[in-house]
Amino acid sequence: MRYSVFSLARAALNGHKSWPQAWRDHALRDRYRVIVVGGGGHGLATAYYLAKNHNITDVLVLERGYIGGGNVGRNTTIIRSNYMLPANEPFYEHSLKLWEGLAQDLNFNMMVSQRGVLNLYHSDSQRDAFARRGNAMRLCGVDAELLDVDGVRKYAPLLDFDNARFPVQGGLLQPRGGTVRHDAVAWGYARAADRLGVHIAQTCEVTGLVIEGGRVAGVETPHGRILADKVGLAVAGNTSLVAQMAGIELPIETHLLTAFVSEGLKPFIDGVVTFGAGHFYLSQSDKGGLVFGGDLDGYNSYSQRGGLAEIDHVLTAGIAMVPAMSRVRMLRHWAGRMDMTMDGSPIICTTPVENLFLNGGWCYGGFKATPASGWCFAHTIAAGEPHPLNRDFTIERFRTGRVIDEKGAGPRPWLQ
Amino acid sequence: MLRIPCPCCGLRDETEFTYNGSAEAPRPTDPEDGAAAAAYVYFRANPRGWHAEYWHHAQGCRRWIKVIRHTVTHEIAASGWPDEDLPMPEAAPNTGKAGR
């Protein structure tokens with residue numbers, strides 16, 4: 001059923017009892033053309049674009065948990081394309097362009113809200129670095145505006161402008177950046193992929209990869225072996241562990257990132273604002289809760305439990321940026337597993353195992369990349385070689401020295 | 001909050017320390033071997049389990065230490081000086097099924 005005002009009115013007449021399941025359960029077949037391991041945002045987007053762009057509908061998505069239960073439903077919902085390096089910027093801009101038409105494309109309202117993303121600067125050198133990044137964005141045809149302090153005052157009047165240590169001097173604004181309702185992204189892609197014939201199996205864990213003579217032939221699951229011509233891995237938070245099943249060692253370390261939501265407030269802050277003197281980003285959800293986060297916990301971990309030391313650190317940065325936050329009560333905080341690569345940029349590539357493809361290492365920037373990641377990974381799987389937009393996102397770049405180090409932090413994921 | 005046993009100062013809060021990553025792989029000895037250098041600098045075993053790592057007691061004795069920590073439970077099994085060969089515990093803490 002197509003979602004529209006007419007289907008809504010029709011369903012309202014019978015008490016909303018006629019809505020069909022958004023995606024169906026199927027009996028697993030013995031063999032598929034493509035298996036995508038991981039039913040998160042990236043895996044579902046990959047399956048959708050395999051069907052839509054490459055006409056490959058004989059696709060199975062295997063998810064160990066449930067759809068929407070992974071990082072796609074645990075992030076702070078920010079979308080933007082304010083990158084500097086030539087390997088990153090066209091990719092993330094493609095993603096932002098896909099976001100702009102995604103609700104119509106998937107026939108699912110994911111509340112894409114282009115309310116702007118503003119990065120504050122607090123010193124002359126930071127202003128120069130932001131001007132450079134803004135210029136690099138504009139060279140790629142992306143919107144970027146360098147605001148002075150009066151421009152920032154109009155945009156976000158609540159900030160502590162005259163902070164003695166970190167006075168706000170201005171900010172780099174990307175007006176087309178914003179937020180998206182993240183659960184709807186998982187549901188929208190799952191439903192749209194299902195409509196094109198993709199099978200989605202939840203609570204079905206991949207326990208091994210079937211590799212014969214250097215090429216992948218399928219996967220092992222608790223329900224038995226499922227064969228496939230090609231297998232794509234999109235298993236954020238477990239990328240190293242699943243790649244080890246194929247004997248592939250990766251330039252990835254898994255870290256913790258905590259996100260926070262406050263009690264619901266009246267309109268408080270308009271766009272997404274990030275602190276330049278510490279790592280802190282803040283926006284307000286449609287329900288009124290402040291949504292924010294900051295640094296990684298600082299040591300590698302698979303636990304999905306953030307520590308109190310980092311919670312204290314994030315809130316300190318938040319109150320330095322917006323003193324009014326000190327009176328706000330926090331509602332929830334939760335931690336996700338981030339697969340951090342050693343240069344802060346992702347991996348979408350072929351692997352040494354034939355017909356096995358890898359999508360991972362999204363650091364803490366995977367959500368905004370979801371559409372382009374699926375788009376490029378689907379191309380990589382279908383064509384057996386990368387799309388021009390993900391040509392540089394290889395594992396090999398760490399051996400050849402062509403790392404894509406946006407921040408220049410070096411192979412220290414906890415500093416990226 | 002981790003509580004890290006510093007071999008010099010005793011049990012201290014995580015906030016006194018700075019993390020400096022994996023101590024699992026030895027630094028390659030051949031300066032001409034680019035592949036070994038790349039593997040050492042960029043590639044990680046990233047275990048879900050016991051992990052040998054370096055910490056700097058920046059706000060204490062200012063010495064570097066090595067710690068054996070579990071990456072799911074955050075339990076610390078041993079600590080010592082960076083050149084010590086600390087044994088990895090054999091028994092894994094109860095972490096449930098892999099991946100959960």
# chains A, B, ... in the order shown; residues from 1 in each chain; ligands from 1
call {"tool": "closest_atom_pairs", "arguments": {"of": "chain A", "to": "chain B", "cutoff": "7 Å", "atoms": "only C-alpha atoms", "output": "JSON lines"}}
result
{"residue": "A:Ser240", "atom": "CA", "partner": "B:Asn46", "partner_atom": "CA", "distance": 6.6}
{"residue": "A:Glu249", "atom": "CA", "partner": "B:Ala45", "partner_atom": "CA", "distance": 6.8}
{"residue": "A:Leu250", "atom": "CA", "partner": "B:Phe43", "partner_atom": "CA", "distance": 5.6}
{"residue": "A:Pro251", "atom": "CA", "partner": "B:Phe43", "partner_atom": "CA", "distance": 4.1}
{"residue": "A:Ile252", "atom": "CA", "partner": "B:Arg44", "partner_atom": "CA", "distance": 6.2}
{"residue": "A:Glu253", "atom": "CA", "partner": "B:Asn46", "partner_atom": "CA", "distance": 5.3}
{"residue": "A:Thr254", "atom": "CA", "partner": "B:Asn46", "partner_atom": "CA", "distance": 6.8}
{"residue": "A:Gly298", "atom": "CA", "partner": "B:Tyr19", "partner_atom": "CA", "distance": 6.8}
{"residue": "A:Tyr299", "atom": "CA", "partner": "B:Tyr19", "partner_atom": "CA", "distance": 6.5}
{"residue": "A:Asn300", "atom": "CA", "partner": "B:Thr71", "partner_atom": "CA", "distance": 6.7}
{"residue": "A:Ser301", "atom": "CA", "partner": "B:Thr71", "partner_atom": "CA", "distance": 4.5}
{"residue": "A:Tyr302", "atom": "CA", "partner": "B:Val72", "partner_atom": "CA", "distance": 5.1}
{"residue": "A:Ser303", "atom": "CA", "partner": "B:Val72", "partner_atom": "CA", "distance": 4.5}
{"residue": "A:Gly307", "atom": "CA", "partner": "B:Met1", "partner_atom": "CA", "distance": 5.2}
{"residue": "A:Leu308", "atom": "CA", "partner": "B:Met1", "partner_atom": "CA", "distance": 5.7}
{"residue": "A:Ala309", "atom": "CA", "partner": "B:Met1", "partner_atom": "CA", "distance": 5.8}
{"residue": "A:Met342", "atom": "CA", "partner": "B:Tyr42", "partner_atom": "CA", "distance": 6.0}
{"residue": "A:Phe398", "atom": "CA", "partner": "B:Tyr42", "partner_atom": "CA", "distance": 6.5}
{"residue": "A:Arg399", "atom": "CA", "partner": "B:Ala38", "partner_atom": "CA", "distance": 5.5}
{"residue": "A:Pro411", "atom": "CA", "partner": "B:Tyr42", "partner_atom": "CA", "distance": 6.3}
call {"tool": "residues_around", "arguments": {"residues": "Ser262 (chain A)", "least_positions_apart": "4", "cutoff": "9 Å", "atoms": "only C-alpha atoms", "output": "list in words"}}
result
Gly288, Gly289, Leu290, Val291, Phe292, Val328, Arg329, Met330, Leu331, Arg332 and His333 of chain A
call {"tool": "residues_around", "arguments": {"residues": "region 204-213 of chain A", "least_positions_apart": "4", "cutoff": "10 Å", "atoms": "only C-alpha atoms", "output": "VMD selection string"}}
result
(chain A and resid 37 to 38 61 to 66 200 217 to 228 231 242 to 246 353 to 356) or (chain B and resid 98 to 99)
call {"tool": "write_last_selection", "arguments": {"atoms": "C-alpha atoms", "output": "compact mmCIF listing (two decimals), in the first residue's frame"}}
result
# COMPACT_ATOMS: atom_id res chain seq x y z
CA VAL A 37 24.98 -9.14 6.39
CA GLY A 38 23.63 -6.47 8.73
CA VAL A 61 19.33 -8.96 4.39
CA LEU A 62 20.35 -10.83 7.55
CA GLU A 63 19.98 -8.98 10.86
CA ARG A 64 21.03 -10.49 14.19
CA GLY A 65 18.77 -8.22 16.24
CA TYR A 66 15.77 -6.33 14.94
CA ILE A 200 14.64 -9.29 5.31
CA ALA A 217 30.02 -18.96 -1.38
CA GLY A 218 27.56 -18.10 1.36
CA VAL A 219 27.03 -17.70 5.09
CA GLU A 220 26.42 -19.97 8.07
CA THR A 221 23.45 -19.19 10.31
CA PRO A 222 21.68 -21.00 13.18
CA HIS A 223 19.06 -21.93 10.53
CA GLY A 224 21.68 -23.57 8.35
CA ARG A 225 23.88 -22.62 5.45
CA ILE A 226 22.60 -20.06 2.93
CA LEU A 227 24.46 -19.82 -0.36
CA ALA A 228 25.00 -16.64 -2.35
CA VAL A 231 28.11 -11.31 0.15
CA VAL A 242 32.93 -10.49 11.17
CA ALA A 243 35.90 -9.67 8.93
CA GLN A 244 37.97 -12.07 11.04
CA MET A 245 35.63 -14.84 9.86
CA ALA A 246 37.19 -14.23 6.43
CA VAL A 353 38.20 -12.74 -0.77
CA GLU A 354 36.49 -12.82 -4.15
CA ASN A 355 32.83 -11.70 -4.17
CA LEU A 356 33.05 -10.58 -0.53
CA ALA B 98 29.69 -13.11 21.29
CA GLY B 99 28.37 -9.89 19.88
call {"tool": "closest_residue", "arguments": {"among": "A:Ala144, A:Met137, A:Val117, A:Val72", "to": "Ala184 (chain A)", "atoms": "only C-alpha atoms"}}
result
A:Val72
call {"tool": "residues_around", "arguments": {"residues": "Trp81 (chain B)", "least_positions_apart": "6", "cutoff": "7 Å", "atoms": "only C-alpha atoms", "output": "VMD selection string"}}
result
chain B and resid 64 to 66
call {"tool": "atom_distance", "arguments": {"atom1": "CA of Gln59 (chain B)", "atom2": "CA of Glu310 (chain A)"}}
result
16.8 Å
call {"tool": "residues_around", "arguments": {"residues": "Cys9 (chain B)", "least_positions_apart": "4", "cutoff": "8 Å", "atoms": "only C-alpha atoms", "output": "ChimeraX atom specification"}}
result
/B:5,60-61
call {"tool": "closest_residue", "arguments": {"among": "A:Met321, A:Val261, A:Ile348, A:Leu415", "to": "Gly276 (chain A)", "atoms": "only C-alpha atoms"}}
result
A:Met321
call {"tool": "select_by_dssp", "arguments": {"residues": "chain B", "states": "strand (DSSP E or B)", "output": "ChimeraX atom specification"}}
result
/B:3-6,10-13,18-22,44,50-56,64-70,76-80
call {"tool": "atom_distance", "arguments": {"atom1": "CA of Leu159 (chain A)", "atom2": "CA of Ala324 (chain A)"}}
result
8.5 Å
call {"tool": "atom_distance", "arguments": {"atom1": "CA of Ile79 (chain A)", "atom2": "CA of Asp392 (chain A)"}}
result
21.6 Å
call {"tool": "closest_residue", "arguments": {"among": "A:Ala164, A:Val152, A:Leu315, A:Val34", "to": "Tyr281 (chain A)", "atoms": "only C-alpha atoms"}}
result
A:Leu315
call {"tool": "select_by_dssp", "arguments": {"residues": "region 176-360 of chain A", "states": "helix (DSSP H, G or I)", "output": "number ranges by chain"}}
result
A: 182-195, 239-244, 308-321, 323-327
call {"tool": "write_last_selection", "arguments": {"atoms": "N, CA and C atoms", "output": "JSON list (two decimals), in the first residue's frame"}}
result
[["chain", "number", "residue", "atom", "x", "y", "z"],
["A", 182, "HIS", "N", 15.56, 9.29, 12.84],
["A", 182, "HIS", "CA", 16.43, 8.18, 12.44],
["A", 182, "HIS", "C", 15.72, 6.82, 12.34],
["A", 183, "ASP", "N", 14.77, 6.53, 13.24],
["A", 183, "ASP", "CA", 14.08, 5.23, 13.15],
["A", 183, "ASP", "C", 13.39, 5.09, 11.79],
["A", 184, "ALA", "N", 12.81, 6.22, 11.33],
["A", 184, "ALA", "CA", 12.08, 6.19, 10.07],
["A", 184, "ALA", "C", 13.00, 5.85, 8.90],
["A", 185, "VAL", "N", 14.28, 6.13, 9.04],
["A", 185, "VAL", "CA", 15.22, 5.80, 7.96],
["A", 185, "VAL", "C", 15.33, 4.28, 7.83],
["A", 186, "ALA", "N", 15.46, 3.60, 8.98],
["A", 186, "ALA", "CA", 15.52, 2.13, 8.95],
["A", 186, "ALA", "C", 14.21, 1.57, 8.41],
["A", 187, "TRP", "N", 13.09, 2.06, 8.94],
["A", 187, "TRP", "CA", 11.79, 1.51, 8.53],
["A", 187, "TRP", "C", 11.51, 1.82, 7.05],
["A", 188, "GLY", "N", 11.84, 3.03, 6.65],
["A", 188, "GLY", "CA", 11.57, 3.45, 5.26],
["A", 188, "GLY", "C", 12.36, 2.63, 4.26],
["A", 189, "TYR", "N", 13.65, 2.43, 4.53],
["A", 189, "TYR", "CA", 14.47, 1.62, 3.62],
["A", 189, "TYR", "C", 14.00, 0.16, 3.64],
["A", 190, "ALA", "N", 13.66, -0.36, 4.84],
["A", 190, "ALA", "CA", 13.23, -1.77, 4.92],
["A", 190, "ALA", "C", 11.95, -1.97, 4.11],
["A", 191, "ARG", "N", 11.01, -1.04, 4.27],
["A", 191, "ARG", "CA", 9.73, -1.17, 3.57],
["A", 191, "ARG", "C", 9.93, -1.04, 2.06],
["A", 192, "ALA", "N", 10.75, -0.05, 1.67],
["A", 192, "ALA", "CA", 10.95, 0.17, 0.23],
["A", 192, "ALA", "C", 11.69, -1.00, -0.40],
["A", 193, "ALA", "N", 12.67, -1.57, 0.32],
["A", 193, "ALA", "CA", 13.40, -2.72, -0.21],
["A", 193, "ALA", "C", 12.47, -3.93, -0.32],
["A", 194, "ASP", "N", 11.63, -4.12, 0.69],
["A", 194, "ASP", "CA", 10.67, -5.23, 0.70],
["A", 194, "ASP", "C", 9.73, -5.13, -0.50],
["A", 195, "ARG", "N", 9.29, -3.92, -0.80],
["A", 195, "ARG", "CA", 8.37, -3.72, -1.94],
["A", 195, "ARG", "C", 9.03, -4.08, -3.26],
["A", 239, "THR", "N", 32.49, -4.98, 12.91],
["A", 239, "THR", "CA", 33.17, -5.14, 11.63],
["A", 239, "THR", "C", 34.42, -6.00, 11.75],
["A", 240, "SER", "N", 35.23, -5.72, 12.79],
["A", 240, "SER", "CA", 36.47, -6.49, 12.95],
["A", 240, "SER", "C", 36.17, -7.97, 13.17],
["A", 241, "LEU", "N", 35.14, -8.25, 13.99],
["A", 241, "LEU", "CA", 34.84, -9.64, 14.36],
["A", 241, "LEU", "C", 34.33, -10.42, 13.14],
["A", 242, "VAL", "N", 33.48, -9.79, 12.34],
["A", 242, "VAL", "CA", 32.93, -10.49, 11.17],
["A", 242, "VAL", "C", 34.00, -10.62, 10.09],
["A", 243, "ALA", "N", 34.83, -9.58, 9.93],
["A", 243, "ALA", "CA", 35.90, -9.67, 8.93],
["A", 243, "ALA", "C", 36.89, -10.77, 9.30],
["A", 244, "GLN", "N", 37.07, -10.99, 10.61],
["A", 244, "GLN", "CA", 37.97, -12.07, 11.04],
["A", 244, "GLN", "C", 37.48, -13.44, 10.57],
["A", 308, "LEU", "N", 30.92, 7.38, 33.48],
["A", 308, "LEU", "CA", 30.51, 8.66, 34.07],
["A", 308, "LEU", "C", 31.53, 9.77, 33.83],
["A", 309, "ALA", "N", 32.81, 9.41, 33.71],
["A", 309, "ALA", "CA", 33.83, 10.43, 33.49],
["A", 309, "ALA", "C", 33.55, 11.19, 32.20],
["A", 310, "GLU", "N", 33.18, 10.45, 31.14],
["A", 310, "GLU", "CA", 32.92, 11.10, 29.86],
["A", 310, "GLU", "C", 31.60, 11.86, 29.88],
["A", 311, "ILE", "N", 30.62, 11.35, 30.60],
["A", 311, "ILE", "CA", 29.34, 12.06, 30.72],
["A", 311, "ILE", "C", 29.58, 13.43, 31.37],
["A", 312, "ASP", "N", 30.39, 13.44, 32.41],
["A", 312, "ASP", "CA", 30.76, 14.69, 33.08],
["A", 312, "ASP", "C", 31.46, 15.65, 32.11],
["A", 313, "HIS", "N", 32.36, 15.08, 31.30],
["A", 313, "HIS", "CA", 33.14, 15.87, 30.35],
["A", 313, "HIS", "C", 32.22, 16.52, 29.29],
["A", 314, "VAL", "N", 31.28, 15.74, 28.78],
["A", 314, "VAL", "CA", 30.38, 16.25, 27.74],
["A", 314, "VAL", "C", 29.49, 17.36, 28.30],
["A", 315, "LEU", "N", 28.95, 17.13, 29.49],
["A", 315, "LEU", "CA", 28.05, 18.13, 30.07],
["A", 315, "LEU", "C", 28.80, 19.41, 30.44],
["A", 316, "THR", "N", 30.07, 19.27, 30.84],
["A", 316, "THR", "CA", 30.88, 20.46, 31.12],
["A", 316, "THR", "C", 31.04, 21.30, 29.87],
["A", 317, "ALA", "N", 31.34, 20.63, 28.74],
["A", 317, "ALA", "CA", 31.48, 21.35, 27.47],
["A", 317, "ALA", "C", 30.15, 21.99, 27.09],
["A", 318, "GLY", "N", 29.06, 21.28, 27.30],
["A", 318, "GLY", "CA", 27.74, 21.79, 26.93],
["A", 318, "GLY", "C", 27.39, 23.06, 27.70],
["A", 319, "ILE", "N", 27.67, 23.04, 29.00],
["A", 319, "ILE", "CA", 27.33, 24.20, 29.83],
["A", 319, "ILE", "C", 28.26, 25.38, 29.51],
["A", 320, "ALA", "N", 29.50, 25.08, 29.08],
["A", 320, "ALA", "CA", 30.39, 26.16, 28.66],
["A", 320, "ALA", "C", 29.84, 26.84, 27.40],
["A", 321, "MET", "N", 29.19, 26.07, 26.54],
["A", 321, "MET", "CA", 28.66, 26.64, 25.29],
["A", 321, "MET", "C", 27.31, 27.29, 25.52],
["A", 323, "PRO", "N", 25.12, 28.12, 28.75],
["A", 323, "PRO", "CA", 24.98, 28.07, 30.22],
["A", 323, "PRO", "C", 23.56, 27.72, 30.66],
["A", 324, "ALA", "N", 22.54, 28.08, 29.86],
["A", 324, "ALA", "CA", 21.16, 27.78, 30.25],
["A", 324, "ALA", "C", 20.91, 26.29, 30.39],
["A", 325, "MET", "N", 21.78, 25.49, 29.79],
["A", 325, "MET", "CA", 21.61, 24.03, 29.90],
["A", 325, "MET", "C", 21.83, 23.51, 31.31],
["A", 326, "SER", "N", 22.47, 24.31, 32.16],
["A", 326, "SER", "CA", 22.77, 23.82, 33.51],
["A", 326, "SER", "C", 21.50, 23.54, 34.31],
["A", 327, "ARG", "N", 20.37, 24.16, 33.92],
["A", 327, "ARG", "CA", 19.12, 23.96, 34.66],
["A", 327, "ARG", "C", 18.25, 22.88, 34.02]]
call {"tool": "residues_around", "arguments": {"residues": "His122 (chain A)", "least_positions_apart": "5", "cutoff": "8 Å", "atoms": "only C-alpha atoms", "output": "compact mmCIF listing (two decimals) with N, CA and C atoms, in the first residue's frame"}}
result
# COMPACT_ATOMS: atom_id res chain seq x y z
N ARG A 127 39.15 30.31 12.93
CA ARG A 127 38.40 30.97 11.85
C ARG A 127 39.07 30.68 10.50
N PHE A 166 36.73 31.09 26.07
CA PHE A 166 36.38 30.69 24.70
C PHE A 166 35.32 31.64 24.12
N PRO A 167 35.63 32.93 23.98
CA PRO A 167 34.62 33.83 23.40
C PRO A 167 34.26 33.37 21.98
N VAL A 168 32.95 33.45 21.66
CA VAL A 168 32.52 33.04 20.32
C VAL A 168 32.88 34.15 19.34
N GLN A 169 33.67 33.83 18.32
CA GLN A 169 34.02 34.83 17.30
C GLN A 169 33.13 34.72 16.07
N GLY A 170 32.58 33.56 15.83
CA GLY A 170 31.75 33.36 14.64
C GLY A 170 31.52 31.88 14.43
N GLY A 276 33.34 24.85 19.38
CA GLY A 276 34.66 24.78 18.77
C GLY A 276 35.78 24.63 19.77
N ALA A 277 35.48 24.84 21.06
CA ALA A 277 36.54 24.78 22.07
C ALA A 277 36.55 23.45 22.81
call {"tool": "closest_residue", "arguments": {"among": "A:Leu139, A:Ala9, A:Ala383, A:Leu50", "to": "Pro86 (chain A)", "atoms": "only C-alpha atoms"}}
result
A:Leu139
call {"tool": "decode", "arguments": {"residues": "region 401-415 of chain A", "atoms": "N, CA and C atoms", "output": "PDB file, in the first residue's frame"}}
result
ATOM      1  N   GLY A 401      49.742   4.552   2.168  1.00  0.00           N
ATOM      2  CA  GLY A 401      49.964   5.893   2.711  1.00  0.00           C
ATOM      3  C   GLY A 401      48.972   6.928   2.217  1.00  0.00           C
ATOM      4  N   ARG A 402      47.933   6.522   1.480  1.00  0.00           N
ATOM      5  CA  ARG A 402      46.953   7.476   0.963  1.00  0.00           C
ATOM      6  C   ARG A 402      45.766   7.597   1.934  1.00  0.00           C
ATOM      7  N   VAL A 403      46.069   7.823   3.217  1.00  0.00           N
ATOM      8  CA  VAL A 403      44.999   7.921   4.203  1.00  0.00           C
ATOM      9  C   VAL A 403      44.210   9.212   3.990  1.00  0.00           C
ATOM     10  N   ILE A 404      42.939   9.192   4.439  1.00  0.00           N
ATOM     11  CA  ILE A 404      42.036  10.338   4.276  1.00  0.00           C
ATOM     12  C   ILE A 404      41.781  10.882   5.681  1.00  0.00           C
ATOM     13  N   ASP A 405      42.743  11.654   6.168  1.00  0.00           N
ATOM     14  CA  ASP A 405      42.727  12.069   7.572  1.00  0.00           C
ATOM     15  C   ASP A 405      42.184  13.491   7.663  1.00  0.00           C
ATOM     16  N   GLU A 406      40.858  13.592   7.751  1.00  0.00           N
ATOM     17  CA  GLU A 406      40.173  14.890   7.713  1.00  0.00           C
ATOM     18  C   GLU A 406      40.651  15.805   8.843  1.00  0.00           C
ATOM     19  N   LYS A 407      40.870  15.224  10.021  1.00  0.00           N
ATOM     20  CA  LYS A 407      41.216  16.038  11.176  1.00  0.00           C
ATOM     21  C   LYS A 407      42.723  16.093  11.430  1.00  0.00           C
ATOM     22  N   GLY A 408      43.461  15.174  10.841  1.00  0.00           N
ATOM     23  CA  GLY A 408      44.903  15.160  11.074  1.00  0.00           C
ATOM     24  C   GLY A 408      45.282  14.645  12.442  1.00  0.00           C
ATOM     25  N   ALA A 409      44.469  13.728  12.993  1.00  0.00           N
ATOM     26  CA  ALA A 409      44.720  13.226  14.346  1.00  0.00           C
ATOM     27  C   ALA A 409      45.670  12.035  14.361  1.00  0.00           C
ATOM     28  N   GLY A 410      45.944  11.456  13.196  1.00  0.00           N
ATOM     29  CA  GLY A 410      46.817  10.292  13.171  1.00  0.00           C
ATOM     30  C   GLY A 410      46.079   9.045  13.612  1.00  0.00           C
ATOM     31  N   PRO A 411      46.802   7.910  13.690  1.00  0.00           N
ATOM     32  CA  PRO A 411      46.132   6.634  13.982  1.00  0.00           C
ATOM     33  C   PRO A 411      45.750   6.506  15.449  1.00  0.00           C
ATOM     34  N   ARG A 412      45.052   7.501  15.981  1.00  0.00           N
ATOM     35  CA  ARG A 412      44.601   7.502  17.377  1.00  0.00           C
ATOM     36  C   ARG A 412      43.102   7.779  17.382  1.00  0.00           C
ATOM     37  N   PRO A 413      42.303   6.724  17.240  1.00  0.00           N
ATOM     38  CA  PRO A 413      40.860   6.920  17.061  1.00  0.00           C
ATOM     39  C   PRO A 413      40.217   7.720  18.181  1.00  0.00           C
ATOM     40  N   TRP A 414      40.755   7.603  19.393  1.00  0.00           N
ATOM     41  CA  TRP A 414      40.109   8.284  20.515  1.00  0.00           C
ATOM     42  C   TRP A 414      40.334   9.792  20.464  1.00  0.00           C
ATOM     43  N   LEU A 415      41.168  10.262  19.524  1.00  0.00           N
ATOM     44  CA  LEU A 415      41.385  11.707  19.386  1.00  0.00           C
ATOM     45  C   LEU A 415      40.684  12.278  18.157  1.00  0.00           C
TER      46      LEU A 415
END
